[in-house]
Every structure is written in structure tokens, then in C-alpha cells.
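Containing compact mmCIF, C-alpha atoms and all ligand atoms: model30.txt.
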# COMPACT_ATOMS: atom_id res chain seq x y z
CA MET A 919 154.74 -7.06 151.83
CA GLU A 920 153.23 -3.85 150.44
CA ALA A 921 149.72 -5.05 151.18
CA LEU A 922 150.70 -6.06 154.67
CA LEU A 923 152.37 -2.74 155.28
CA HIS A 924 149.26 -0.82 154.34
CA ARG A 925 147.07 -3.12 156.40
CA ALA A 926 149.28 -2.42 159.39
CA TYR A 927 149.04 1.32 158.76
CA ASP A 928 145.29 1.11 158.50
CA THR A 929 144.86 -0.92 161.63
CA GLU A 930 147.40 0.85 163.79
CA VAL A 931 145.81 1.08 167.18
CA MET A 932 147.50 1.52 170.50
CA THR A 933 145.75 -1.16 172.43
CA GLU A 934 146.17 -0.61 176.12
CA SER A 935 145.88 -4.27 176.91
CA LYS A 936 148.80 -5.17 174.71
CA GLY A 937 151.95 -5.98 176.64
CA LYS A 938 155.05 -3.84 176.39
CA ALA A 939 157.91 -4.90 174.08
CA VAL A 940 161.61 -4.45 174.70
CA ALA A 941 163.34 -3.87 171.36
CA LEU A 942 167.01 -4.80 171.37
CA MET A 943 168.59 -2.11 169.20
CA SER A 944 172.12 -2.31 167.85
CA GLY A 945 172.16 0.76 165.63
CA GLY A 946 171.63 -1.40 162.54
CA LEU A 947 168.66 -1.24 160.22
CA ASP A 948 167.05 -4.57 161.06
CA SER A 949 166.73 -3.95 164.78
CA ALA A 950 165.28 -0.47 164.11
CA LEU A 951 162.79 -2.02 161.69
CA ALA A 952 161.77 -4.63 164.26
CA ALA A 953 161.16 -1.89 166.83
CA ALA A 954 159.23 0.24 164.34
CA TRP A 955 157.12 -2.68 163.12
CA THR A 956 156.24 -3.73 166.65
CA LYS A 957 155.18 -0.19 167.38
CA ARG A 958 153.09 -0.16 164.21
CA LEU A 959 151.28 -3.21 165.50
CA GLY A 960 150.17 -1.16 168.46
CA PHE A 961 152.57 -2.32 171.17
CA PRO A 962 154.25 0.08 173.57
CA VAL A 963 157.95 -0.30 172.79
CA VAL A 964 161.03 0.58 174.78
CA GLY A 965 164.40 0.29 173.05
CA LEU A 966 167.43 -1.22 174.76
CA HIS A 967 170.99 -0.71 173.57
CA VAL A 968 173.58 -2.85 175.31
CA VAL A 969 177.08 -1.38 175.17
CA THR A 970 179.59 -4.22 174.76
CA GLY A 971 182.73 -2.10 174.48
CA LEU A 972 183.40 -3.27 170.92
CA VAL A 973 181.74 -0.29 169.34
CA ASP A 974 179.75 2.52 170.84
CA GLN A 975 176.51 3.18 168.98
CA ARG A 976 174.61 4.82 171.81
CA ASP A 977 174.24 8.17 170.05
CA LEU A 978 173.01 6.51 166.88
CA VAL A 979 170.51 4.36 168.77
CA ARG A 980 169.24 7.39 170.68
CA ALA A 981 168.77 9.14 167.33
CA GLN A 982 166.90 6.11 165.98
CA GLY A 983 164.70 6.13 169.07
CA ALA A 984 163.91 9.80 168.52
CA GLU A 985 163.09 9.10 164.87
CA LEU A 986 160.76 6.24 165.80
CA GLY A 987 159.25 7.85 168.87
CA VAL A 988 160.59 5.03 171.01
CA PRO A 989 162.30 5.71 174.36
CA VAL A 990 165.77 4.15 174.51
CA ARG A 991 167.71 2.87 177.52
CA ILE A 992 171.45 2.34 177.39
CA TRP A 993 172.99 -0.50 179.40
CA ASP A 994 176.78 -0.46 179.69
CA ALA A 995 177.72 -4.12 180.07
CA ALA A 996 181.27 -3.94 178.69
CA ASP A 997 182.95 -5.56 181.69
CA GLU A 998 180.62 -8.55 181.64
CA TYR A 999 180.92 -8.80 177.87
CA LEU A 1000 184.70 -9.04 178.16
CA GLU A 1001 184.27 -12.41 179.88
CA VAL A 1002 182.15 -13.63 176.95
CA LEU A 1003 184.77 -12.48 174.53
CA LYS A 1004 187.55 -14.27 176.41
CA ASN A 1005 185.79 -17.59 176.93
CA PRO A 1006 182.96 -18.17 174.47
CA GLN A 1007 181.03 -21.39 175.05
CA PHE A 1008 179.91 -21.85 171.46
CA GLY A 1009 183.19 -21.09 169.73
CA ARG A 1010 184.08 -18.39 167.26
CA GLY A 1011 183.47 -17.58 163.61
CA GLN A 1012 186.15 -17.10 160.98
CA GLY A 1013 187.73 -14.37 163.03
CA MET A 1014 187.63 -14.10 166.82
CA ASN A 1015 183.93 -13.28 166.73
CA PRO A 1016 181.94 -15.34 169.25
CA CYS A 1017 178.67 -14.53 167.50
CA LEU A 1018 176.42 -17.07 169.17
CA ASP A 1019 177.63 -16.24 172.66
CA CYS A 1020 177.35 -12.57 171.77
CA HIS A 1021 173.69 -12.92 170.75
CA ILE A 1022 172.89 -14.93 173.83
CA PHE A 1023 174.61 -12.41 176.08
CA LEU A 1024 172.70 -9.47 174.59
CA LEU A 1025 169.39 -11.30 174.83
CA ARG A 1026 169.99 -12.32 178.43
CA LYS A 1027 170.47 -8.65 179.17
CA ALA A 1028 167.27 -7.89 177.27
CA LYS A 1029 165.43 -10.50 179.31
CA GLU A 1030 166.72 -8.99 182.55
CA PHE A 1031 165.60 -5.59 181.35
CA MET A 1032 162.22 -6.94 180.24
CA GLU A 1033 161.64 -8.27 183.76
CA GLN A 1034 162.71 -4.99 185.37
CA GLU A 1035 160.41 -3.04 183.08
CA GLY A 1036 157.46 -5.36 183.51
CA ALA A 1037 157.51 -5.84 179.74
CA ALA A 1038 155.96 -8.88 178.09
CA PHE A 1039 158.42 -9.85 175.39
CA VAL A 1040 161.62 -8.97 173.53
CA VAL A 1041 161.95 -8.21 169.83
CA THR A 1042 165.08 -8.39 167.71
CA GLY A 1043 165.91 -7.62 164.10
CA GLU A 1044 167.07 -11.15 163.32
CA VAL A 1045 166.11 -12.31 159.83
CA LEU A 1046 165.88 -15.98 158.98
CA GLY A 1047 168.77 -17.03 156.75
CA GLN A 1048 170.47 -13.66 156.72
CA ARG A 1049 173.60 -14.85 158.49
CA PRO A 1050 174.30 -18.53 157.96
CA MET A 1051 175.94 -19.12 161.34
CA THR A 1052 173.58 -17.33 163.69
CA GLN A 1053 170.30 -16.85 161.87
CA ASN A 1054 169.38 -20.29 160.66
CA ARG A 1055 166.31 -22.01 162.10
CA GLN A 1056 168.25 -24.23 164.43
CA THR A 1057 170.37 -21.45 165.90
CA LEU A 1058 167.43 -19.10 166.32
CA ALA A 1059 165.70 -21.84 168.33
CA LEU A 1060 168.85 -22.49 170.35
CA ILE A 1061 169.15 -18.79 171.21
CA ALA A 1062 165.53 -18.63 172.34
CA GLN A 1063 166.10 -21.61 174.60
CA ALA A 1064 169.55 -20.60 175.94
CA THR A 1065 168.33 -17.15 176.93
CA GLY A 1066 165.26 -18.54 178.69
CA LEU A 1067 163.07 -16.28 176.58
CA GLY A 1068 161.42 -19.05 174.56
CA GLU A 1069 158.29 -17.71 172.85
CA LYS A 1070 158.90 -14.32 174.41
CA LEU A 1071 161.72 -13.85 171.95
CA VAL A 1072 160.04 -12.43 168.86
CA ARG A 1073 161.62 -11.77 165.47
CA PRO A 1074 158.98 -9.59 163.80
CA LEU A 1075 160.83 -9.41 160.46
CA SER A 1076 160.61 -13.19 159.96
CA GLY A 1077 157.87 -13.99 162.46
CA ARG A 1078 155.50 -15.58 159.96
CA LEU A 1079 158.18 -18.12 159.05
CA LEU A 1080 159.08 -19.08 162.60
CA GLY A 1081 157.32 -20.77 165.50
CA PRO A 1082 154.41 -19.32 167.48
CA THR A 1083 155.12 -16.35 169.72
CA PHE A 1084 153.88 -15.17 173.09
CA PRO A 1085 152.03 -12.13 171.65
CA GLU A 1086 150.13 -14.48 169.32
CA ARG A 1087 149.21 -16.80 172.16
CA MET A 1088 147.92 -13.78 174.07
CA GLY A 1089 145.75 -12.84 171.09
CA TRP A 1090 147.47 -9.48 170.74
CA VAL A 1091 148.41 -10.16 167.11
CA GLN A 1092 147.77 -12.69 164.43
CA ARG A 1093 150.48 -14.73 162.77
CA GLU A 1094 150.01 -12.72 159.56
CA ASP A 1095 150.88 -9.51 161.36
CA TRP A 1096 154.55 -10.50 161.45
CA LEU A 1097 156.66 -10.12 158.33
CA ASP A 1098 158.13 -12.93 156.26
CA LEU A 1099 161.57 -11.62 155.33
CA GLN A 1100 164.34 -14.13 154.83
CA GLY A 1101 167.73 -14.40 153.17
CA ARG A 1102 170.61 -12.05 152.67
CA SER A 1103 169.06 -9.48 150.35
CA ARG A 1104 168.55 -6.07 151.93
CA LYS A 1105 166.17 -4.80 149.28
CA GLN A 1106 162.97 -5.34 151.23
CA GLN A 1107 164.45 -3.89 154.41
CA LEU A 1108 165.53 -0.74 152.60
CA GLY A 1109 162.04 -0.32 151.14
CA LEU A 1110 160.50 -0.86 154.54
CA ALA A 1111 162.90 1.65 156.09
CA ARG A 1112 161.68 4.30 153.64
CA GLU A 1113 158.05 3.45 154.45
CA LEU A 1114 158.63 3.54 158.18
CA GLY A 1115 160.76 6.70 158.14
CA ILE A 1116 164.02 5.17 159.32
CA SER A 1117 166.95 7.09 157.91
CA ARG A 1118 169.79 6.46 160.34
CA PHE A 1119 171.51 3.10 160.70
CA THR A 1120 174.94 1.49 160.43
CA PRO A 1121 175.82 -0.12 157.11
CA PRO A 1122 174.99 -3.84 156.82
CA SER A 1123 177.65 -6.37 157.82
CA GLY A 1124 178.82 -3.82 160.14
CA CYS A 1125 181.68 -2.76 162.07
CA CYS A 1126 182.52 -5.56 164.46
CA VAL A 1127 186.26 -5.50 164.93
CA LEU A 1128 186.25 -9.18 165.93
CA VAL A 1129 185.63 -10.26 162.34
CA ASP A 1130 188.61 -8.28 161.09
CA PRO A 1131 191.42 -10.72 160.16
CA GLY A 1132 194.20 -8.39 161.34
CA PHE A 1133 192.58 -7.70 164.69
CA SER A 1134 191.78 -11.38 165.14
CA ALA A 1135 195.39 -12.35 164.51
CA ARG A 1136 196.57 -9.78 167.05
CA LEU A 1137 194.05 -11.02 169.60
CA ARG A 1138 195.12 -14.65 169.08
CA ASP A 1139 198.71 -13.58 169.57
CA LEU A 1140 197.83 -11.74 172.76
CA LEU A 1141 195.91 -14.73 174.11
CA ARG A 1142 199.04 -16.83 173.59
CA GLU A 1143 201.12 -14.24 175.44
CA LYS A 1144 198.90 -13.42 178.39
CA GLY A 1145 196.18 -16.06 178.56
CA ALA A 1146 192.50 -15.15 178.46
CA GLU A 1147 192.10 -14.28 182.11
CA ALA A 1148 194.67 -11.48 182.09
CA ILE A 1149 193.28 -9.63 179.07
CA THR A 1150 191.75 -6.21 179.72
CA TRP A 1151 189.82 -3.64 177.68
CA GLU A 1152 193.04 -1.60 177.58
CA ASP A 1153 194.77 -4.50 175.82
CA LEU A 1154 191.94 -4.67 173.29
CA SER A 1155 192.00 -0.92 172.72
CA ILE A 1156 195.71 -1.09 171.93
CA LEU A 1157 195.11 -4.00 169.55
CA ARG A 1158 192.95 -1.70 167.44
CA LEU A 1159 195.80 0.75 166.89
CA GLY A 1160 198.85 0.74 164.68
CA ARG A 1161 201.17 -1.93 163.34
CA HIS A 1162 202.06 -4.63 165.86
CA PHE A 1163 205.39 -6.43 165.98
CA ARG A 1164 206.11 -9.47 168.13
CA LEU A 1165 209.75 -9.13 169.22
CA GLY A 1166 209.84 -11.65 172.08
CA PRO A 1167 207.49 -13.86 174.10
CA ASN A 1168 206.57 -10.87 176.28
CA LEU A 1169 207.64 -8.00 174.08
CA ARG A 1170 205.58 -6.17 171.45
CA LEU A 1171 206.06 -2.90 169.63
CA VAL A 1172 203.13 -0.88 168.29
CA VAL A 1173 203.85 1.78 165.67
CA GLY A 1174 201.20 4.40 164.86
CA ARG A 1175 200.02 4.71 161.27
CA ASP A 1176 198.79 8.28 161.34
CA ALA A 1177 198.51 11.31 163.58
CA GLN A 1178 195.28 10.11 165.15
CA GLU A 1179 196.74 6.74 166.09
CA ASN A 1180 199.91 8.41 167.39
CA GLU A 1181 197.81 10.54 169.70
CA LYS A 1182 195.84 7.56 170.95
CA LEU A 1183 198.98 5.50 171.54
CA MET A 1184 200.35 8.30 173.75
CA VAL A 1185 197.36 7.81 176.04
CA PHE A 1186 198.58 4.29 176.82
CA GLY A 1187 202.13 5.44 177.55
CA ARG A 1188 201.92 5.44 181.34
CA ASN A 1189 204.53 3.02 182.79
CA ARG A 1190 205.54 2.11 179.25
CA TYR A 1191 208.33 3.14 176.89
CA VAL A 1192 207.16 5.59 174.23
CA LEU A 1193 209.26 6.36 171.15
CA MET A 1194 209.02 9.70 169.34
CA PHE A 1195 210.75 11.78 166.69
CA SER A 1196 211.49 15.49 166.88
CA GLU A 1197 213.56 16.27 163.80
CA VAL A 1198 211.55 14.50 161.16
CA PRO A 1199 207.87 13.57 160.95
CA GLY A 1200 207.57 10.12 162.42
CA PRO A 1201 205.28 7.75 164.24
CA VAL A 1202 204.79 7.16 167.93
CA GLY A 1203 206.02 3.77 169.05
CA LEU A 1204 204.64 2.06 172.15
CA ILE A 1205 206.58 -0.80 173.72
CA LEU A 1206 204.58 -3.43 175.56
CA GLY A 1207 206.82 -5.41 177.85
CA GLU A 1208 210.22 -4.86 179.48
CA PRO A 1209 212.85 -4.30 176.78
CA ASN A 1210 216.61 -4.50 177.37
CA GLU A 1211 218.99 -2.05 175.69
CA ALA A 1212 219.23 -4.13 172.51
CA ASP A 1213 215.43 -4.36 172.34
CA LEU A 1214 215.12 -0.58 172.70
CA PHE A 1215 217.57 -0.08 169.88
CA LEU A 1216 215.69 -2.49 167.63
CA CYS A 1217 212.34 -0.85 168.47
CA ALA A 1218 213.81 2.55 167.60
CA GLN A 1219 215.07 1.18 164.27
CA ILE A 1220 211.67 -0.28 163.43
CA ALA A 1221 209.85 2.93 164.35
CA ALA A 1222 212.40 4.94 162.31
CA ARG A 1223 211.58 2.82 159.26
CA TYR A 1224 208.12 4.42 159.33
CA SER A 1225 209.45 7.97 159.81
CA ASP A 1226 210.38 10.42 157.06
CA ALA A 1227 214.07 10.15 158.00
CA PRO A 1228 216.54 9.35 155.18
CA LYS A 1229 216.94 5.59 155.09
CA ASP A 1230 220.74 5.59 155.09
CA ALA A 1231 221.58 8.06 157.86
CA PRO A 1232 221.12 7.96 161.63
CA VAL A 1233 218.11 9.71 163.10
CA ARG A 1234 217.47 10.75 166.70
CA VAL A 1235 214.73 8.83 168.52
CA HIS A 1236 213.41 10.05 171.87
CA ILE A 1237 212.54 7.28 174.31
CA ARG A 1238 210.39 8.30 177.27
CA ARG A 1239 209.01 6.48 180.24
CA ASN A 1240 207.27 8.07 183.22
CA GLY A 1241 208.83 11.48 182.65
CA GLU A 1242 212.38 10.19 182.07
CA GLU A 1243 213.88 10.50 178.62
CA LYS A 1244 216.87 9.28 176.71
CA GLU A 1245 217.91 9.48 173.09
CA LEU A 1246 219.17 6.93 170.64
CA TRP A 1247 220.65 7.52 167.21
CA VAL A 1248 219.62 4.72 164.90
CA THR A 1249 219.64 3.96 161.19
CA PRO A 1250 216.13 3.02 160.08
CA LEU A 1251 215.54 -0.59 159.14
CA SER A 1252 215.24 -1.05 155.42
CA PRO A 1253 211.61 -1.40 154.24
CA ALA A 1254 212.82 -4.52 152.41
CA ASP A 1255 214.15 -6.12 155.61
CA PRO A 1256 212.35 -9.51 155.69
CA ARG A 1257 212.28 -9.52 159.49
CA LEU A 1258 209.61 -6.82 159.39
CA VAL A 1259 207.21 -9.34 157.85
CA GLN A 1260 208.26 -12.07 160.31
CA TRP A 1261 207.71 -9.84 163.33
CA ARG A 1262 204.50 -8.29 162.09
CA ILE A 1263 201.39 -9.68 163.76
CA GLY A 1264 198.30 -10.07 161.63
CA VAL A 1265 197.67 -9.54 157.98
CA PRO A 1266 199.75 -6.58 156.96
CA LYS A 1267 197.77 -4.46 154.56
CA ARG A 1268 200.69 -2.08 154.43
CA LEU A 1269 204.14 -2.62 155.93
S1 LIG B 1 179.78 -9.90 164.54
FE1 LIG B 1 180.57 -9.15 166.52
S2 LIG B 1 178.91 -7.91 167.37
FE2 LIG B 1 178.02 -9.18 165.75
S3 LIG B 1 177.28 -10.99 166.81
FE3 LIG B 1 179.34 -11.46 166.09
S4 LIG B 1 180.66 -10.95 167.82
FE4 LIG B 1 178.68 -9.97 168.22

Exercise: express the given structure as C-alpha cells:
Amino acid sequence: MEALLHRAYDTEVMTESKGKAVALMSGGLDSALAAAWTKRLGFPVVGLHVVTGLVDQRDLVRAQGAELGVPVRIWDAADEYLEVLKNPQFGRGQGMNPCLDCHIFLLRKAKEFMEQEGAAFVVTGEVLGQRPMTQNRQTLALIAQATGLGEKLVRPLSGRLLGPTFPERMGWVQREDWLDLQGRSRKQQLGLARELGISRFTPPSGCCVLVDPGFSARLRDLLREKGAEAITWEDLSILRLGRHFRLGPNLRLVVGRDAQENEKLMVFGRNRYVLMFSEVPGPVGLILGEPNEADLFLCAQIAARYSDAPKDAPVRVHIRRNGEEKELWVTPLSPADPRLVQWRIGVPKRL
């Protein structure tokens, strides 16, 4: 690779006749490398970051663009992506991650953008064999076909190992100009990043909440409760916060785990019951559903279990909804109460 790298440096020429590339950039290292390498080969490159709502990397991608000298466009497609997330055509991974649908969605957006920009092809940071489910030969071919990009979908990091590409057919590059990375090791990418001056990127194997077992369990539970069609981004935002307890078919309690989560849970309190403590440090509880009096009492007891109140004496819990407030005195549930585990949704890392 070293020799190839230096050859590319030596022959870097901005050839006006070369078509423009759209580089799909996630904030990760591989997609930044693909953009940088394509630029090294003399193509005009414009970066595209599609916001899916799962994680917001727009600032990072802008910073990568600045580092690489590549203009970056941000496309907020969260509402459309929600539909993919609810009803993936190609199924899900070990968690609720619909990786194949996700790739196809992002690349369809890239294709749309390519056409708007009058660009000639799309590049991604996919590496052959890096992820067994989505980056094997068969799946890479399927993605190229399903997106309608065909040979205009270029994976510069593994290009020499894959089929012919549109830029090759146009005579803009030779096959040997692409790289031949494959497999899960990151060593070559990290070396290349140093050579190409890329210093900012998300850690490998990233931050997708959909692969998290706890989040996935909560999402499965919510799908059972509401059905896919009714799920909103607000639902998903709440799933990311706190401990979740299923207390009835349409009744959940969320209990904050720290001050930051408590604050965020308050934001979702409109038209909902919110539980708080004033005399001892304690969590915010958010009730999702329509509790009766017994449910409210139980929710207060569960929330109190996570407060600093003495475990054998009643504590005051404030219960608010739309500006109205009442108080309940409850004895916290014992941390050893087995029902806590039964009610808890997901893999409890800490009860
Ligand atoms: S891990 Fe998440 S972000 Fe990555 S492809 Fe899968 S669903 Fe999409």
C-alpha cells in the first residue's frame, strides 16, 4: 500500500475532465478515507452526510470536510429513515439494527444527491469483509443493484478486489488506483489516516444505538405495545433514557439514572405524569400511559427505590401533570424485590 500511496501523491492531478464524486460520509474513519483517497486521485469531491436521527454527527463530518478540503452537505432525512427503521425489508441484525436497509437508504439518498449535483458517481468507505453481514461480496453487489447505482457505486478502499467501476470505464482511473483493503483489521486504515491527515473520526464499531441489547429489547417491547406504525422519534428518544419498567399492556415507567437523564425526561413530561422528590435526592420518573391510583402508588414506590430515601420509612413523592400536582407518601420498594427484575425491560446492567 505504501508504494501505491506514494504513487498517488506523485501523480495527484486535478483533471478537469474527471467527473465529480459524492462521498457518503458518516463521521467514521473509512468514509473519510474514501473521500480523501478519491480526492487524491484527482476527482472533485463533495461530501454528503445523511442525518438519520439515530446519532447526529454533522459537526464531526463538517470538521472532517474542513480537514480534507472537501465541501460537505447535510441532508436531514430522519423522518424518512424512521419508516426504514420500523419496517425493514431485509430484516435486522442481532439487535434491532436493519443494517442492509440502512445502507440502501443512505445510498439512495446519495444517488438522489449525485443526480442533483450533476456528479458522476458515489464513493463509500465500505471495506470488503469488514462486517460479515453487510460487507461481503454478495451483499455489496446487492446494495449496488438495489440502490440503482450499479458501477457508479465505488468503494475505493477495496476497489481493486471488487468489480469494474464507472470511473474505470470512463478511463479516469486505472484498476490499480483503488486500494485493496479487506478484513476487520484497522491497522492499514489508521496508517492511511496518518498519511492523509485525517485526525477526527468516530471510534470503529461505532455508536449505533440499534445494536445495543438493552435498547433493542425496549424497542421490541414498544413495537408489541404500539405497533410499528404508531412509533415516533419521541418514543425512540425516550427509549434511550433511564430504566424502563413494563407495568401493564399500555403502562410503562421510566426512571432517570442521573441528573442529565432526569433533565431530559422532564422535557417529555407534557401531558404525562412526572414523579419527583424534594426532600431527598432522587430520580425523575416519567409515566407512559394512563395509570390508576394503584398504578401511581406503585410507580412512586419504584421511583423511591432509586432515591436516597431510607428504605424503611415513607418518603414524599411529588406527582405532576400539566401544572397540577399531588403528593404521595410511599415506602420505597426493596432493591431485592424480585418484581423489579420482572418488570424491567431490557438487559439490566444495574437495577
Ligand atoms: S449499525 Fe446502525 S447505523 Fe450502522 S448500518 Fe446498521 S443500522 Fe445503520

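Note that atom CA of Arg1234 of chain A and atom CA of Leu1246 of chain A are 5.7 Å apart.
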
What are the nearest atom pairs, with distances in Å to one decimal, for all residues of segment 1081-1181 of chain A that come at most 9 Å from segment 1067-1074 of chain A, using only C-alpha atoms, set out by chain and rising residue number as a tab-separated table?
residue	atom	partner	partner_atom	distance
A:Gly1081	CA	A:Glu1069	CA	8.0
A:Pro1082	CA	A:Glu1069	CA	6.8
A:Thr1083	CA	A:Glu1069	CA	4.7
A:Phe1084	CA	A:Glu1069	CA	5.1
A:Pro1085	CA	A:Lys1070	CA	7.7
A:Asp1095	CA	A:Pro1074	CA	8.5
A:Trp1096	CA	A:Pro1074	CA	5.1
A:Leu1097	CA	A:Pro1074	CA	6.0
A:Asp1098	CA	A:Pro1074	CA	8.3

### Message
As a quick test: using all atoms listed in the file, which residues lie no more than 10 Å away from ligand LIG 1 (chain B)? Give them as an MDAnalysis selection string.
### Response
chainID A and resid 944 970:973 999 1002:1003 1010:1011 1013:1024 1049 1051:1052 1123:1130

#### Entry: Which of A:Gly945, A:Pro1209, A:Leu966, A:Gln982 sits closest to Asp994 of chain A [using only C-alpha atoms]
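That would be A:Leu966, the residue with the smallest distance to Asp994 of chain A.
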
#### Entry: Expected answer as a count of residues only: all residues with atoms within 10 Å of (162.5, 4.6, 157.1), all atoms listed in the file
19

### Query
atom CA of Met943 of chain A and atom CA of Gly1043 of chain A, how far apart in Å?
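Pair atom CA of Gly1043 of chain A / atom CA of Met943 of chain A returns 8.0 Å.
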
### Query
atom CA of Leu1157 of chain A and atom CA of Glu1242 of chain A are how many Å apart?
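Between these atoms lies a distance of 25.6 Å.
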
#### Entry: Selection as a VMD selection string: residues within 9 Å of (217.2, 6.9, 166.0), counting all atoms listed in the file
chain A and resid 1195 1215 1218 to 1219 1221 to 1222 1232 to 1236 1245 to 1250
